[in-house]
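Q: I am sharing target14.cif, which consists of mmCIF, N, CA and C atoms and all ligand atoms:
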```cif
data_run
loop_
_atom_site.label_atom_id
_atom_site.label_comp_id
_atom_site.auth_asym_id
_atom_site.auth_seq_id
_atom_site.Cartn_x
_atom_site.Cartn_y
_atom_site.Cartn_z
N MET A 1 -10.89 12.79 41.15
CA MET A 1 -10.13 13.80 41.88
C MET A 1 -10.85 15.14 41.80
N ALA A 2 -11.09 15.71 42.94
CA ALA A 2 -11.72 17.04 42.98
C ALA A 2 -10.76 18.01 43.67
N ARG A 3 -10.87 19.27 43.28
CA ARG A 3 -10.12 20.32 44.00
C ARG A 3 -11.10 21.01 44.94
N ILE A 4 -10.76 20.98 46.23
CA ILE A 4 -11.72 21.40 47.25
C ILE A 4 -11.09 22.45 48.16
N LEU A 5 -11.71 23.60 48.24
CA LEU A 5 -11.29 24.63 49.21
C LEU A 5 -11.86 24.22 50.57
N VAL A 6 -11.01 24.22 51.60
CA VAL A 6 -11.42 23.68 52.90
C VAL A 6 -11.08 24.65 54.03
N SER A 7 -11.99 24.82 54.97
CA SER A 7 -11.67 25.57 56.19
C SER A 7 -10.51 24.87 56.89
N ALA A 8 -9.43 25.63 57.12
CA ALA A 8 -8.22 25.02 57.66
C ALA A 8 -8.45 24.35 59.02
N CYS A 9 -9.32 24.93 59.83
CA CYS A 9 -9.55 24.36 61.17
C CYS A 9 -10.11 22.94 61.09
N LEU A 10 -10.83 22.62 60.01
CA LEU A 10 -11.39 21.27 59.86
C LEU A 10 -10.30 20.24 59.57
N LEU A 11 -9.15 20.73 59.11
CA LEU A 11 -8.02 19.82 58.82
C LEU A 11 -7.08 19.70 60.01
N GLY A 12 -7.39 20.40 61.10
CA GLY A 12 -6.55 20.30 62.29
C GLY A 12 -5.64 21.50 62.53
N VAL A 13 -5.75 22.52 61.68
CA VAL A 13 -4.95 23.73 61.88
C VAL A 13 -5.54 24.53 63.06
N GLU A 14 -4.68 24.96 63.96
CA GLU A 14 -5.14 25.64 65.18
C GLU A 14 -5.33 27.13 64.90
N CYS A 15 -6.38 27.43 64.15
CA CYS A 15 -6.60 28.80 63.69
C CYS A 15 -7.90 29.38 64.22
N ARG A 16 -8.61 28.65 65.08
CA ARG A 16 -9.89 29.17 65.59
C ARG A 16 -9.66 30.29 66.60
N TYR A 17 -10.70 31.00 66.92
CA TYR A 17 -10.53 32.18 67.80
C TYR A 17 -9.91 31.81 69.14
N LYS A 18 -10.16 30.60 69.61
CA LYS A 18 -9.57 30.19 70.89
C LYS A 18 -8.14 29.69 70.73
N GLY A 19 -7.66 29.58 69.50
CA GLY A 19 -6.31 29.06 69.25
C GLY A 19 -6.29 27.55 69.13
N ASP A 20 -7.46 26.96 68.94
CA ASP A 20 -7.51 25.51 68.78
C ASP A 20 -8.01 25.18 67.36
N ALA A 21 -8.14 23.88 67.11
CA ALA A 21 -8.65 23.40 65.82
C ALA A 21 -9.96 22.66 66.07
N CYS A 22 -10.62 22.26 65.00
CA CYS A 22 -11.80 21.39 65.15
C CYS A 22 -11.71 20.34 64.05
N PRO A 23 -10.70 19.45 64.15
CA PRO A 23 -10.49 18.48 63.08
C PRO A 23 -11.71 17.59 62.87
N CYS A 24 -12.02 17.36 61.62
CA CYS A 24 -13.18 16.56 61.24
C CYS A 24 -12.68 15.38 60.40
N ARG A 25 -12.87 14.18 60.88
CA ARG A 25 -12.33 12.99 60.22
C ARG A 25 -12.81 12.89 58.78
N LYS A 26 -14.10 13.18 58.54
CA LYS A 26 -14.64 13.06 57.18
C LYS A 26 -13.92 14.02 56.22
N VAL A 27 -13.56 15.18 56.73
CA VAL A 27 -12.88 16.17 55.89
C VAL A 27 -11.42 15.77 55.69
N ILE A 28 -10.78 15.34 56.76
CA ILE A 28 -9.37 14.92 56.64
C ILE A 28 -9.26 13.75 55.66
N ASP A 29 -10.24 12.87 55.66
CA ASP A 29 -10.20 11.72 54.75
C ASP A 29 -10.31 12.13 53.28
N LEU A 30 -10.79 13.35 53.02
CA LEU A 30 -10.86 13.82 51.63
C LEU A 30 -9.48 14.00 51.01
N ILE A 31 -8.44 14.05 51.87
CA ILE A 31 -7.07 14.19 51.36
C ILE A 31 -6.74 13.04 50.40
N ASP A 32 -7.27 11.86 50.68
CA ASP A 32 -7.01 10.71 49.80
C ASP A 32 -7.79 10.88 48.50
N GLY A 33 -7.08 11.11 47.43
CA GLY A 33 -7.71 11.14 46.11
C GLY A 33 -8.22 12.50 45.68
N ASN A 34 -8.04 13.52 46.51
CA ASN A 34 -8.47 14.86 46.12
C ASN A 34 -7.33 15.85 46.37
N GLU A 35 -7.51 17.05 45.86
CA GLU A 35 -6.55 18.12 46.11
C GLU A 35 -7.25 19.14 47.01
N LEU A 36 -6.72 19.30 48.23
CA LEU A 36 -7.36 20.21 49.18
C LEU A 36 -6.58 21.52 49.25
N ILE A 37 -7.30 22.61 49.30
CA ILE A 37 -6.69 23.93 49.44
C ILE A 37 -7.20 24.52 50.74
N PRO A 38 -6.38 24.49 51.81
CA PRO A 38 -6.84 25.01 53.11
C PRO A 38 -6.80 26.53 53.16
N VAL A 39 -7.76 27.11 53.84
CA VAL A 39 -7.75 28.56 54.05
C VAL A 39 -8.46 28.86 55.37
N CYS A 40 -7.92 29.82 56.11
CA CYS A 40 -8.64 30.38 57.26
C CYS A 40 -8.89 31.85 56.94
N PRO A 41 -10.09 32.19 56.54
CA PRO A 41 -10.36 33.56 56.13
C PRO A 41 -10.12 34.59 57.23
N GLU A 42 -10.36 34.21 58.48
CA GLU A 42 -10.17 35.21 59.55
C GLU A 42 -8.69 35.54 59.72
N GLN A 43 -7.83 34.54 59.66
CA GLN A 43 -6.39 34.82 59.69
C GLN A 43 -5.97 35.56 58.42
N ALA A 44 -6.48 35.13 57.29
CA ALA A 44 -6.10 35.76 56.02
C ALA A 44 -6.52 37.22 55.98
N GLY A 45 -7.57 37.55 56.72
CA GLY A 45 -8.02 38.93 56.77
C GLY A 45 -7.22 39.79 57.72
N GLY A 46 -6.26 39.17 58.43
CA GLY A 46 -5.35 39.93 59.29
C GLY A 46 -5.66 39.85 60.77
N LEU A 47 -6.62 39.01 61.16
CA LEU A 47 -6.94 38.91 62.60
C LEU A 47 -5.95 37.99 63.30
N PRO A 48 -5.67 38.26 64.58
CA PRO A 48 -4.71 37.44 65.32
C PRO A 48 -5.36 36.14 65.81
N THR A 49 -4.52 35.22 66.25
CA THR A 49 -4.99 33.97 66.87
C THR A 49 -4.19 33.77 68.15
N PRO A 50 -4.83 33.61 69.31
CA PRO A 50 -6.28 33.68 69.52
C PRO A 50 -6.81 35.11 69.32
N ARG A 51 -8.15 35.20 69.23
CA ARG A 51 -8.81 36.49 69.02
C ARG A 51 -10.16 36.48 69.71
N THR A 52 -10.66 37.66 69.93
CA THR A 52 -12.00 37.79 70.52
C THR A 52 -13.03 37.27 69.52
N PRO A 53 -14.00 36.47 69.98
CA PRO A 53 -14.98 35.94 69.02
C PRO A 53 -15.84 37.05 68.41
N SER A 54 -16.30 36.78 67.19
CA SER A 54 -17.10 37.74 66.43
C SER A 54 -18.37 37.04 65.93
N GLU A 55 -19.38 37.84 65.67
CA GLU A 55 -20.59 37.31 65.04
C GLU A 55 -21.11 38.32 64.04
N ARG A 56 -21.85 37.83 63.06
CA ARG A 56 -22.46 38.73 62.08
C ARG A 56 -23.65 39.44 62.71
N VAL A 57 -23.71 40.74 62.46
CA VAL A 57 -24.87 41.54 62.87
C VAL A 57 -25.29 42.31 61.63
N GLY A 58 -26.27 41.78 60.91
CA GLY A 58 -26.64 42.38 59.64
C GLY A 58 -25.48 42.26 58.66
N ASP A 59 -25.13 43.38 58.03
CA ASP A 59 -24.03 43.35 57.06
C ASP A 59 -22.67 43.53 57.72
N LYS A 60 -22.66 43.75 59.02
CA LYS A 60 -21.39 43.95 59.73
C LYS A 60 -20.97 42.69 60.47
N VAL A 61 -19.69 42.64 60.87
CA VAL A 61 -19.21 41.59 61.77
C VAL A 61 -18.60 42.31 62.97
N ILE A 62 -19.08 41.94 64.15
CA ILE A 62 -18.71 42.67 65.37
C ILE A 62 -18.10 41.69 66.37
N MET A 63 -16.97 42.09 66.98
CA MET A 63 -16.39 41.29 68.06
C MET A 63 -17.24 41.44 69.33
N ARG A 64 -17.07 40.48 70.23
CA ARG A 64 -17.85 40.53 71.47
C ARG A 64 -17.60 41.82 72.25
N ASP A 65 -16.40 42.41 72.08
CA ASP A 65 -16.11 43.67 72.78
C ASP A 65 -16.59 44.90 72.01
N GLY A 66 -17.29 44.68 70.91
CA GLY A 66 -17.87 45.79 70.16
C GLY A 66 -17.03 46.27 68.98
N THR A 67 -15.82 45.73 68.83
CA THR A 67 -14.97 46.15 67.72
C THR A 67 -15.57 45.70 66.38
N ASP A 68 -15.61 46.60 65.43
CA ASP A 68 -16.13 46.28 64.10
C ASP A 68 -15.00 45.67 63.27
N VAL A 69 -15.15 44.41 62.90
CA VAL A 69 -14.11 43.71 62.12
C VAL A 69 -14.63 43.33 60.73
N THR A 70 -15.60 44.08 60.25
CA THR A 70 -16.18 43.79 58.94
C THR A 70 -15.12 43.83 57.85
N ILE A 71 -14.22 44.81 57.92
CA ILE A 71 -13.20 44.94 56.87
C ILE A 71 -12.30 43.70 56.85
N GLU A 72 -11.89 43.23 58.01
CA GLU A 72 -11.02 42.04 58.06
C GLU A 72 -11.76 40.81 57.52
N TYR A 73 -13.01 40.68 57.85
CA TYR A 73 -13.78 39.52 57.36
C TYR A 73 -13.93 39.57 55.84
N LYS A 74 -14.14 40.79 55.32
CA LYS A 74 -14.29 40.92 53.86
C LYS A 74 -12.96 40.62 53.17
N LYS A 75 -11.87 41.06 53.78
CA LYS A 75 -10.56 40.79 53.17
C LYS A 75 -10.29 39.28 53.15
N GLY A 76 -10.63 38.61 54.24
CA GLY A 76 -10.45 37.16 54.28
C GLY A 76 -11.31 36.45 53.24
N ALA A 77 -12.52 36.94 53.06
CA ALA A 77 -13.41 36.34 52.06
C ALA A 77 -12.84 36.54 50.66
N GLU A 78 -12.27 37.72 50.41
CA GLU A 78 -11.67 37.98 49.09
C GLU A 78 -10.48 37.04 48.86
N THR A 79 -9.73 36.75 49.92
CA THR A 79 -8.60 35.81 49.78
C THR A 79 -9.11 34.42 49.42
N ALA A 80 -10.16 33.98 50.09
CA ALA A 80 -10.73 32.66 49.78
C ALA A 80 -11.23 32.62 48.34
N LEU A 81 -11.87 33.71 47.91
CA LEU A 81 -12.37 33.76 46.53
C LEU A 81 -11.21 33.73 45.54
N TYR A 82 -10.13 34.42 45.88
CA TYR A 82 -8.94 34.42 45.02
C TYR A 82 -8.39 32.99 44.89
N LEU A 83 -8.27 32.30 46.02
CA LEU A 83 -7.75 30.93 45.97
C LEU A 83 -8.69 30.01 45.19
N ALA A 84 -9.99 30.20 45.38
CA ALA A 84 -10.97 29.38 44.66
C ALA A 84 -10.78 29.52 43.16
N GLY A 85 -10.51 30.74 42.73
CA GLY A 85 -10.31 30.98 41.30
C GLY A 85 -8.97 30.45 40.81
N LYS A 86 -7.91 30.73 41.57
CA LYS A 86 -6.57 30.31 41.16
C LYS A 86 -6.47 28.79 41.04
N PHE A 87 -7.09 28.09 41.99
CA PHE A 87 -7.02 26.63 41.99
C PHE A 87 -8.18 26.00 41.23
N ASN A 88 -9.07 26.83 40.69
CA ASN A 88 -10.20 26.32 39.91
C ASN A 88 -10.93 25.21 40.66
N ILE A 89 -11.38 25.53 41.85
CA ILE A 89 -11.96 24.50 42.73
C ILE A 89 -13.27 23.95 42.16
N ASP A 90 -13.57 22.74 42.56
CA ASP A 90 -14.85 22.14 42.20
C ASP A 90 -15.93 22.53 43.22
N TYR A 91 -15.53 22.63 44.48
CA TYR A 91 -16.47 23.06 45.53
C TYR A 91 -15.68 23.36 46.80
N ALA A 92 -16.38 23.89 47.80
CA ALA A 92 -15.74 24.22 49.08
C ALA A 92 -16.43 23.46 50.20
N VAL A 93 -15.64 23.06 51.20
CA VAL A 93 -16.19 22.48 52.43
C VAL A 93 -15.76 23.38 53.57
N LEU A 94 -16.74 24.07 54.16
CA LEU A 94 -16.44 25.11 55.16
C LEU A 94 -17.11 24.79 56.49
N LYS A 95 -16.52 25.31 57.54
CA LYS A 95 -16.96 25.01 58.91
C LYS A 95 -18.35 25.59 59.19
N ALA A 96 -19.22 24.73 59.68
CA ALA A 96 -20.59 25.14 59.96
C ALA A 96 -20.65 26.22 61.04
N ASN A 97 -21.60 27.11 60.89
CA ASN A 97 -22.02 28.11 61.90
C ASN A 97 -21.09 29.31 62.08
N SER A 98 -19.91 29.27 61.48
CA SER A 98 -18.93 30.35 61.66
C SER A 98 -19.39 31.64 60.97
N PRO A 99 -19.06 32.81 61.55
CA PRO A 99 -19.40 34.07 60.87
C PRO A 99 -18.63 34.28 59.58
N SER A 100 -17.55 33.51 59.36
CA SER A 100 -16.84 33.53 58.08
C SER A 100 -17.29 32.39 57.19
N CYS A 101 -17.21 31.19 57.74
CA CYS A 101 -17.30 29.98 56.93
C CYS A 101 -18.69 29.32 56.93
N GLY A 102 -19.55 29.67 57.87
CA GLY A 102 -20.83 28.99 58.00
C GLY A 102 -21.71 29.12 56.77
N LYS A 103 -22.53 28.10 56.53
CA LYS A 103 -23.47 28.14 55.40
C LYS A 103 -24.86 27.69 55.87
N GLY A 104 -25.86 28.50 55.62
CA GLY A 104 -27.23 28.12 55.97
C GLY A 104 -27.64 28.61 57.34
N MET A 105 -26.81 28.31 58.35
CA MET A 105 -27.07 28.76 59.72
C MET A 105 -25.79 29.36 60.29
N ILE A 106 -25.92 30.46 60.99
CA ILE A 106 -24.77 31.09 61.66
C ILE A 106 -25.21 31.57 63.04
N TYR A 107 -24.23 31.89 63.88
CA TYR A 107 -24.57 32.48 65.18
C TYR A 107 -25.23 33.84 64.94
N ASP A 108 -26.19 34.17 65.80
CA ASP A 108 -27.14 35.24 65.45
C ASP A 108 -26.75 36.64 65.89
N GLY A 109 -25.52 36.82 66.40
CA GLY A 109 -25.08 38.17 66.74
C GLY A 109 -25.34 38.54 68.19
N THR A 110 -25.90 37.60 68.97
CA THR A 110 -26.19 37.91 70.38
C THR A 110 -25.16 37.31 71.33
N PHE A 111 -24.22 36.52 70.79
CA PHE A 111 -23.17 35.86 71.60
C PHE A 111 -23.78 34.99 72.71
N THR A 112 -24.92 34.40 72.41
CA THR A 112 -25.58 33.52 73.37
C THR A 112 -25.55 32.06 72.92
N GLY A 113 -24.93 31.81 71.76
CA GLY A 113 -24.93 30.45 71.22
C GLY A 113 -26.13 30.19 70.33
N SER A 114 -27.06 31.16 70.24
CA SER A 114 -28.22 30.98 69.37
C SER A 114 -27.83 31.17 67.92
N LYS A 115 -28.54 30.49 67.05
CA LYS A 115 -28.24 30.57 65.62
C LYS A 115 -29.44 31.10 64.86
N CYS A 116 -29.16 31.60 63.66
CA CYS A 116 -30.23 32.07 62.77
C CYS A 116 -29.86 31.68 61.34
N GLU A 117 -30.79 31.82 60.44
CA GLU A 117 -30.50 31.52 59.04
C GLU A 117 -29.54 32.57 58.49
N GLY A 118 -28.59 32.13 57.70
CA GLY A 118 -27.66 33.07 57.09
C GLY A 118 -26.37 32.37 56.74
N ASN A 119 -25.51 33.10 56.06
CA ASN A 119 -24.20 32.57 55.67
C ASN A 119 -23.09 33.41 56.26
N GLY A 120 -21.94 32.80 56.50
CA GLY A 120 -20.77 33.55 56.86
C GLY A 120 -20.31 34.41 55.68
N VAL A 121 -19.45 35.38 55.97
CA VAL A 121 -19.04 36.34 54.95
C VAL A 121 -18.33 35.63 53.78
N THR A 122 -17.47 34.68 54.08
CA THR A 122 -16.74 33.97 53.03
C THR A 122 -17.67 33.05 52.24
N ALA A 123 -18.50 32.29 52.96
CA ALA A 123 -19.44 31.39 52.26
C ALA A 123 -20.34 32.21 51.34
N GLU A 124 -20.80 33.34 51.83
CA GLU A 124 -21.69 34.19 51.04
C GLU A 124 -21.01 34.66 49.74
N LEU A 125 -19.75 35.10 49.86
CA LEU A 125 -19.05 35.60 48.67
C LEU A 125 -18.80 34.46 47.67
N LEU A 126 -18.43 33.30 48.17
CA LEU A 126 -18.20 32.16 47.26
C LEU A 126 -19.49 31.78 46.54
N ILE A 127 -20.59 31.71 47.29
CA ILE A 127 -21.88 31.32 46.69
C ILE A 127 -22.29 32.36 45.65
N ARG A 128 -22.09 33.63 45.99
CA ARG A 128 -22.47 34.71 45.07
C ARG A 128 -21.68 34.62 43.77
N ASN A 129 -20.50 34.04 43.85
CA ASN A 129 -19.66 33.90 42.65
C ASN A 129 -19.82 32.54 41.99
N GLY A 130 -20.84 31.80 42.38
CA GLY A 130 -21.19 30.59 41.67
C GLY A 130 -20.56 29.30 42.18
N TYR A 131 -19.85 29.37 43.31
CA TYR A 131 -19.22 28.16 43.85
C TYR A 131 -20.20 27.39 44.73
N LYS A 132 -20.08 26.06 44.69
CA LYS A 132 -20.86 25.21 45.58
C LYS A 132 -20.16 25.16 46.94
N VAL A 133 -20.90 25.37 47.99
CA VAL A 133 -20.34 25.35 49.34
C VAL A 133 -21.11 24.34 50.18
N TYR A 134 -20.38 23.49 50.88
CA TYR A 134 -20.97 22.52 51.80
C TYR A 134 -20.36 22.72 53.18
N THR A 135 -21.08 22.37 54.21
CA THR A 135 -20.48 22.31 55.54
C THR A 135 -19.95 20.90 55.77
N GLU A 136 -19.18 20.75 56.85
CA GLU A 136 -18.66 19.41 57.17
C GLU A 136 -19.79 18.45 57.51
N ASP A 137 -20.94 18.97 57.86
CA ASP A 137 -22.09 18.11 58.19
C ASP A 137 -22.79 17.58 56.95
N GLU A 138 -22.46 18.16 55.80
CA GLU A 138 -23.17 17.80 54.57
C GLU A 138 -22.40 16.84 53.67
N ILE A 139 -21.16 16.53 54.04
CA ILE A 139 -20.38 15.65 53.15
C ILE A 139 -20.39 14.22 53.70
S1 LIG B 1 -12.47 31.45 59.82
FE1 LIG B 1 -13.15 29.49 59.04
S2 LIG B 1 -11.22 28.33 58.83
FE2 LIG B 1 -10.78 30.05 60.19
S3 LIG B 1 -11.11 29.24 62.24
FE3 LIG B 1 -13.04 30.21 61.60
S4 LIG B 1 -14.24 28.52 60.75
FE4 LIG B 1 -12.10 27.83 60.82
#
```
Step by step, read the file and then write its structure as structure tokens.
A:
Amino acid sequence: MARILVSACLLGVECRYKGDACPCRKVIDLIDGNELIPVCPEQAGGLPTPRTPSERVGDKVIMRDGTDVTIEYKKGAETALYLAGKFNIDYAVLKANSPSCGKGMIYDGTFTGSKCEGNGVTAELLIRNGYKVYTEDEI
């Protein structure tokens, strides 16, 4: 039995910017025999659903309309870190490519669908605090 922090959208929660989910069978199957702790950092940071999409631009996170939402992303990341500590998680499984949850590769800030090396704000904070983070593609 492992305790796993999970991007809520991977479990079927309709929390993505478009108001939909991206359920992943491999992640949902982790419910059997493990304890899952779902979190959507963007909602936890106070952003609405649906919402204008955002991408990381350096240390900031910017919506497509130019709004700076770095503070909301950081607040969501702090919430995920809080839950990781409270539940003493073994590792996290987070949604690939997201400006919050992505690990290794994220959208590159041009809103063209192109990606670059980097981590989402939440993945980055968890990794910096010593947590193992995997994407749904890695489990
Ligand atoms: S912030 Fe993470 S959990 Fe929330 S919709 Fe985006 S990828 Fe999914």
Q: Could you please extract the residues within 8 Å of ligand LIG 1 (chain B), counting only N, CA and C atoms and all ligand atoms, and hand them back as a PyMOL selection string?
A: chain A and resi 6-11+13-18+20-22+38-44+94-102
Q: As a PyMOL selection string, please: every residue in region 3-112 of chain A that a backbone DSSP assignment puts in strand (DSSP E or B).
A: chain A and resi 3-7+35-39+54-57+60-63+68+91-94+97+105-107
Q: Can you tell me, as an NGL selection string, what residues are no more than 7 Å from Ala92 (chain A) when counting only N, CA and C atoms, ignoring any on the same chain fewer than 3 positions away?
A: :A and (3-7 or 89 or 131-135)
Q: As a VMD selection string, please: the residues near region 106-112 of chain A (cut-off 7 Å, all atoms listed in the file, same-chain neighbours under 3 positions excluded).
A: chain A and resid 54 to 58 96 to 99 102 to 103 115 to 120
Q: Can you write just those residues out, N, CA and C atoms, as a PDB file, in the frame of the given file?
A:
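Below is the file part_6.pdb, written as the result:
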```
ATOM      1  N   SER A  54     -16.300  36.780  67.190  1.00  0.00           N
ATOM      2  CA  SER A  54     -17.100  37.740  66.430  1.00  0.00           C
ATOM      3  C   SER A  54     -18.370  37.040  65.930  1.00  0.00           C
ATOM      4  N   GLU A  55     -19.380  37.840  65.670  1.00  0.00           N
ATOM      5  CA  GLU A  55     -20.590  37.310  65.040  1.00  0.00           C
ATOM      6  C   GLU A  55     -21.110  38.320  64.040  1.00  0.00           C
ATOM      7  N   ARG A  56     -21.850  37.830  63.060  1.00  0.00           N
ATOM      8  CA  ARG A  56     -22.460  38.730  62.080  1.00  0.00           C
ATOM      9  C   ARG A  56     -23.650  39.440  62.710  1.00  0.00           C
ATOM     10  N   VAL A  57     -23.710  40.740  62.460  1.00  0.00           N
ATOM     11  CA  VAL A  57     -24.870  41.540  62.870  1.00  0.00           C
ATOM     12  C   VAL A  57     -25.290  42.310  61.630  1.00  0.00           C
ATOM     13  N   GLY A  58     -26.270  41.780  60.910  1.00  0.00           N
ATOM     14  CA  GLY A  58     -26.640  42.380  59.640  1.00  0.00           C
ATOM     15  C   GLY A  58     -25.480  42.260  58.660  1.00  0.00           C
ATOM     16  N   ALA A  96     -19.220  24.730  59.680  1.00  0.00           N
ATOM     17  CA  ALA A  96     -20.590  25.140  59.960  1.00  0.00           C
ATOM     18  C   ALA A  96     -20.650  26.220  61.040  1.00  0.00           C
ATOM     19  N   ASN A  97     -21.600  27.110  60.890  1.00  0.00           N
ATOM     20  CA  ASN A  97     -22.020  28.110  61.900  1.00  0.00           C
ATOM     21  C   ASN A  97     -21.090  29.310  62.080  1.00  0.00           C
ATOM     22  N   SER A  98     -19.910  29.270  61.480  1.00  0.00           N
ATOM     23  CA  SER A  98     -18.930  30.350  61.660  1.00  0.00           C
ATOM     24  C   SER A  98     -19.390  31.640  60.970  1.00  0.00           C
ATOM     25  N   PRO A  99     -19.060  32.810  61.550  1.00  0.00           N
ATOM     26  CA  PRO A  99     -19.400  34.070  60.870  1.00  0.00           C
ATOM     27  C   PRO A  99     -18.630  34.280  59.580  1.00  0.00           C
ATOM     28  N   GLY A 102     -19.550  29.670  57.870  1.00  0.00           N
ATOM     29  CA  GLY A 102     -20.830  28.990  58.000  1.00  0.00           C
ATOM     30  C   GLY A 102     -21.710  29.120  56.770  1.00  0.00           C
ATOM     31  N   LYS A 103     -22.530  28.100  56.530  1.00  0.00           N
ATOM     32  CA  LYS A 103     -23.470  28.140  55.400  1.00  0.00           C
ATOM     33  C   LYS A 103     -24.860  27.690  55.870  1.00  0.00           C
ATOM     34  N   LYS A 115     -28.540  30.490  67.050  1.00  0.00           N
ATOM     35  CA  LYS A 115     -28.240  30.570  65.620  1.00  0.00           C
ATOM     36  C   LYS A 115     -29.440  31.100  64.860  1.00  0.00           C
ATOM     37  N   CYS A 116     -29.160  31.600  63.660  1.00  0.00           N
ATOM     38  CA  CYS A 116     -30.230  32.070  62.770  1.00  0.00           C
ATOM     39  C   CYS A 116     -29.860  31.680  61.340  1.00  0.00           C
ATOM     40  N   GLU A 117     -30.790  31.820  60.440  1.00  0.00           N
ATOM     41  CA  GLU A 117     -30.500  31.520  59.040  1.00  0.00           C
ATOM     42  C   GLU A 117     -29.540  32.570  58.490  1.00  0.00           C
ATOM     43  N   GLY A 118     -28.590  32.130  57.700  1.00  0.00           N
ATOM     44  CA  GLY A 118     -27.660  33.070  57.090  1.00  0.00           C
ATOM     45  C   GLY A 118     -26.370  32.370  56.740  1.00  0.00           C
ATOM     46  N   ASN A 119     -25.510  33.100  56.060  1.00  0.00           N
ATOM     47  CA  ASN A 119     -24.200  32.570  55.670  1.00  0.00           C
ATOM     48  C   ASN A 119     -23.090  33.410  56.260  1.00  0.00           C
ATOM     49  N   GLY A 120     -21.940  32.800  56.500  1.00  0.00           N
ATOM     50  CA  GLY A 120     -20.770  33.550  56.860  1.00  0.00           C
ATOM     51  C   GLY A 120     -20.310  34.410  55.680  1.00  0.00           C
TER      52      GLY A 120
END
```
Q: Please report the interatomic distance between atom N of Met1 (chain A) and atom N of Glu35 (chain A) in Å with one decimal.
A: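 If I compute the distance from atom N of Met1 (chain A) to atom N of Glu35 (chain A), I get 7.2 Å.
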Q: Residues of region 7-125 of chain A in helix (DSSP H, G or I) according to DSSP, as a PyMOL selection string?
A: chain A and resi 8-11+25-31+41-44+70-86+121-125
Q: Calculate, to one decimal in Å, the centre and edge lengths of the box along x, y and z of the file that holds all listed atoms of region 33-46 of chain A with 6 Å of margin on each side, and present them as AutoDock Vina command-line options.
A:
```
--center_x -7.9 --center_y 25.5 --center_z 53.2 --size_x 17.0 --size_y 40.8 --size_z 27.1
```
Q: Pick from A:Ala2, A:Met63, A:Ala123, A:Ala84: nearest to Gly33 (chain A), with all atoms listed in the file counted?
A: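 So, comparing all the options, the nearest one is A:Ala2.
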